[in-house]
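Visitor: Next up is a structure, given as structure tokens.
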Amino acid sequence: MRLPDFERQDMSPERRKLLVANARLVRRLDKFVGELVDERERDHPIHTLWMPSKFLPDMSTEEGRMVHLPELQEQMDGYSDGEIAVQTLNALTEEGLPLFMSALTGELAMQTPNWYRWKVRWTAEEGRHGDLIKAQLGLSGRVDMVAFDRMKTAYTNNDFDTGSDGDAVGFLVYTRFQEHGTQIAHRRTARLARRNGAEQFATGLGNVAGEEGGHKTFYGATLVEAARRKPDTVIVSMNEMIGRGIVMPGARMTEAELAHRGQRESALFTGLKWAAEKAGVYTFNDYMDVVLGMKDELEVETRTDLSTPEGRKAQDELGMYDQAYKEDRGGRIAGIAERRKMPEFPWVRRRESNQRYVIFDTKAPPGRSTTP
Ligand SMILES: [Fe+2]
Ligand SMILES: [Fe+2]
């Protein structure tokens with residue numbers, strides 16, 4: 001993450017001016033942000049939110065241990081190894097929350113009261129996403145959870161690069177993008193769960209996707225408001241971010257302690273990205289749908305309020321991302337994914353050798369093992 005460092009020597013005076021102005025623009029959204037947080041708190045009081053454990057077997061009851069847990073494991077056996085790997089990627093991405101909190105604090109210079117309120121509320125909501133998926137994977141017996149913990153620790157230590165280079169507006173573009181991307185990915189894994197009869201898990205994942213949708217709406221609204229105040233700056237930042245390509249927060253995910261410094265994407269993540277494309281969980285077409293959705297939201301093509309040459313140039317450049325571009329590239333990428341040999345994901349337990357984590361109740365009658 002490149003924090004806003006306005007004193008950096010390698011920065012042109014114009015760039016410095018732009019970063020300072022954009023940081024100020026985002027800070028001045030504070031009152032607007034406060035209204036959005038008020039609305040969220042009013043419409044969804046924290047005690048009314050869904051709880052991850054409600055979608056998992058209740059291990060404090062015999063029924064949970066003896067009936068629901070084996071059912072869950074059987075349902076999770078319906079996933080291919082690649083699908084388990086992709087579900088692990090989604091869990092790890094959610095588990096990067098401490099890293100994202102740091103990023104929000106640093107990049108948006110969140111010392112204003114309502115941005116701070118948003119961060120607290122958002123963190124409370126997000127914390128439940130990883131809780132649900134990680135617990136489900138652990139109980140499934142399909143994942144080596146020590147390896148999972150190791151990947152999580154390495155990944156949150158490795159930091160990630162949003163590509164916003166200290167630009168607070170660019171960072172908002174990133175968060176708007178990612179919330180929508182995760183909404184799509186969780187919705188797709190909900191479908192996978194449903195295919196395997198894992199109704200509870202599917203409902204939980206549907207709830208996660210719904211919440212990502214709420215976050216997407218929040219960041220979308222802040223960007224629209226920022227563009228109402230300073231249209232040129234927002235369209236320029238958006239064009240810079242999309243032009244660079246939006247990378248997932250897990251891009252430098254690794255099983256080793258450190259990703260190669262300066263590396264934008266690790267080999268592990270590249271493999272997972274292709275697995276997600278192949279499983280239809282998050283594809284290039286989805287990426288483009290997010291871009292096109294943001295363009296519509298910000299009315300990029302039809303804006304008449306851009307007054308600088310930079311703003312109009314950015315508007316033109318964003319024009320190249322259209323339906324035809326999506327179909328052309330999307331088709332080619334899907335073809336490559338189809339032919340590509342998937343790497344081994346060593347933390348995924350094979351279905352055949354799956355050692356189930358059944359916790360036996362010593363008082364229960366013998367012979368209730370569910371291992372086929
Ligand atoms: Fe999330
Ligand atoms: Fe979210």
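Just so we're on the same page: first chain in the structure tokens is A, next is B, and so on; residues restart at 1 for each chain, and ligands are numbered from 1 in the order they show up.
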I'd like the neighbourhood of range 71-73 of chain A as a ChimeraX atom specification, where a residue qualifies if any of its atoms comes within 7 Å (using only C-alpha atoms), though same-chain residues fewer than 2 positions away should be ignored.
Guide: /A:67-69,75-77,140-141,198
Visitor: As a list of chain:residue names, please: the residues near range 305-310 of chain A (cut-off 7 Å, only C-alpha atoms, same-chain neighbours under 6 positions excluded).
Guide: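 Residues meeting the cut-off are A:Pro231, A:Asp232, A:Val236.
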Visitor: Emit the selected residues as a PDB file, in the first residue's frame, including N, CA and C atoms.
Guide:
ATOM      1  N   PRO A 231     -16.307  16.791 -10.780  1.00  0.00           N
ATOM      2  CA  PRO A 231     -16.435  15.742 -11.794  1.00  0.00           C
ATOM      3  C   PRO A 231     -15.109  15.344 -12.446  1.00  0.00           C
ATOM      4  N   ASP A 232     -14.305  16.327 -12.820  1.00  0.00           N
ATOM      5  CA  ASP A 232     -13.079  15.992 -13.554  1.00  0.00           C
ATOM      6  C   ASP A 232     -12.179  15.075 -12.749  1.00  0.00           C
ATOM      7  N   VAL A 236     -11.012  11.309 -13.817  1.00  0.00           N
ATOM      8  CA  VAL A 236      -9.576  11.087 -14.055  1.00  0.00           C
ATOM      9  C   VAL A 236      -9.072   9.948 -13.162  1.00  0.00           C
TER      10      VAL A 236
END
Visitor: One decimal, Å: what's the distance from CA of Pro113 in chain A over to CA of Arg28 in chain A, could you say?
Guide: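 Pair CA of Pro113 in chain A / CA of Arg28 in chain A returns 11.0 Å.
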Visitor: Hey, which residues come within 8 Å of ligand 2 if we count only C-alpha atoms and all ligand atoms? Could you give them as a list in words?
Guide: Trp122, Glu125, Glu126, Gln178, Glu179, Thr182, Gln183, Glu211, Glu212, Gly213, Gly214, His215 and Lys216 of chain A
Visitor: Name the residues, by chain letter and number, that sit within 12 Å of ligand 1 using only C-alpha atoms and all ligand atoms, and give them as a VMD selection string.
Guide: chain A and resid 90 to 98 100 122 to 133 175 178 to 187 205 to 216 249
Visitor: Would you work out the distance separating CA of Asn239 in chain A from CA of Tyr325 in chain A, expressed in Å to one decimal?
Guide: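 It comes out at 15.9 Å.
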Visitor: Excluding Gly331 in chain A and its own-chain neighbours fewer than 6 positions away, which residues fall within 12 Å of it when counting only C-alpha atoms? Please give them as JSON, numbers by chain.
Guide: {"A": [277, 283, 284, 285, 288, 323, 324, 325, 337, 338]}
Visitor: I'd like the contact shell of Val146 in chain A - 12 Å cut-off, only C-alpha atoms, skipping same-chain residues fewer than 5 positions apart - returned as an MDAnalysis selection string.
Guide: chainID A and resid 134 137:138 151:153 255 346:348
Visitor: For CA of Ile336 in chain A and CA of Ala251 in chain A, quote the distance in Å rounded to one decimal.
Guide: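 Atom-to-atom, CA of Ile336 in chain A and CA of Ala251 in chain A are spaced 19.8 Å apart.
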Visitor: Using DSSP assignments from the backbone, pull out every residue in range 184-333 of chain A that falls under helix (DSSP H, G or I) and give it to me as a ChimeraX atom specification.
Guide: /A:184-195,199-229,231-244,249-252,267-279,284-297,309-318,323-333
Visitor: Identify, on the basis of only C-alpha atoms, every residue whose closest approach to Gln315 in chain A does not exceed 8 Å; exclude the query and any residue fewer than 3 positions from it along the same chain; express the result as a list in words.
Guide: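 The neighbour list is Ile235, Val236, Asn239, Val300, Glu301, Gly311, Arg312, Leu318 and Gly319 of chain A.
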Visitor: Fewer than 5 positions away in the same chain doesn't count, so skip those; otherwise give me all residues within 9 Å of Glu41 in chain A, counting only C-alpha atoms, as a list in words.
Guide: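 The contact residues come out as Leu36, Ile46 and Arg121 of chain A.
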Visitor: Taking only C-alpha atoms into account, which of A:Gly34, A:Pro45, A:Pro57, A:Gly163 comes nearest Gln200 in chain A?
Guide: A:Pro57
Visitor: Quick one: residues within 9 Å of Ala193 in chain A, only C-alpha atoms, excluding same-chain residues fewer than 2 positions away - as a list in words?
Guide: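 Skipping anything fewer than 2 positions along the chain leaves Gln75, Met76, Gly78, Tyr79, Arg188, Thr189, Ala190, Arg191, Arg195, Asn196, Gly197, Ala198, Glu199, Gln200, Phe201, Ala202, Thr203 and Leu205 of chain A.
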Visitor: Restricting it to C-alpha atoms, dump the selection as a short mmCIF file (atom, residue, chain, number, x, y, z; two decimals), in the first residue's frame.
Guide:
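Result went into selection35.cif, see below:
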data_model
loop_
_atom_site.label_atom_id
_atom_site.label_comp_id
_atom_site.auth_asym_id
_atom_site.auth_seq_id
_atom_site.Cartn_x
_atom_site.Cartn_y
_atom_site.Cartn_z
CA GLN A 75 -22.66 -31.73 1.03
CA MET A 76 -19.12 -30.34 0.91
CA GLY A 78 -19.94 -32.45 -3.76
CA TYR A 79 -17.38 -29.73 -4.47
CA ARG A 188 -21.83 -17.54 -7.28
CA THR A 189 -20.52 -19.67 -4.42
CA ALA A 190 -24.01 -19.56 -2.91
CA ARG A 191 -25.15 -21.16 -6.15
CA ARG A 195 -26.11 -27.27 -6.22
CA ASN A 196 -24.63 -29.52 -3.56
CA GLY A 197 -27.68 -29.35 -1.34
CA ALA A 198 -25.88 -27.18 1.23
CA GLU A 199 -28.91 -24.94 1.75
CA GLN A 200 -27.78 -23.44 5.04
CA PHE A 201 -24.40 -22.47 3.66
CA ALA A 202 -26.04 -21.13 0.49
CA THR A 203 -28.33 -18.90 2.55
CA LEU A 205 -23.37 -16.88 1.46
#
Visitor: Go through A:Ala103, A:Met238, A:Ile84, A:Val120 and flag the residue nearest Leu192 in chain A, using only C-alpha atoms for the distances.
Guide: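 Closest residue, counting only C-alpha atoms: A:Ile84.
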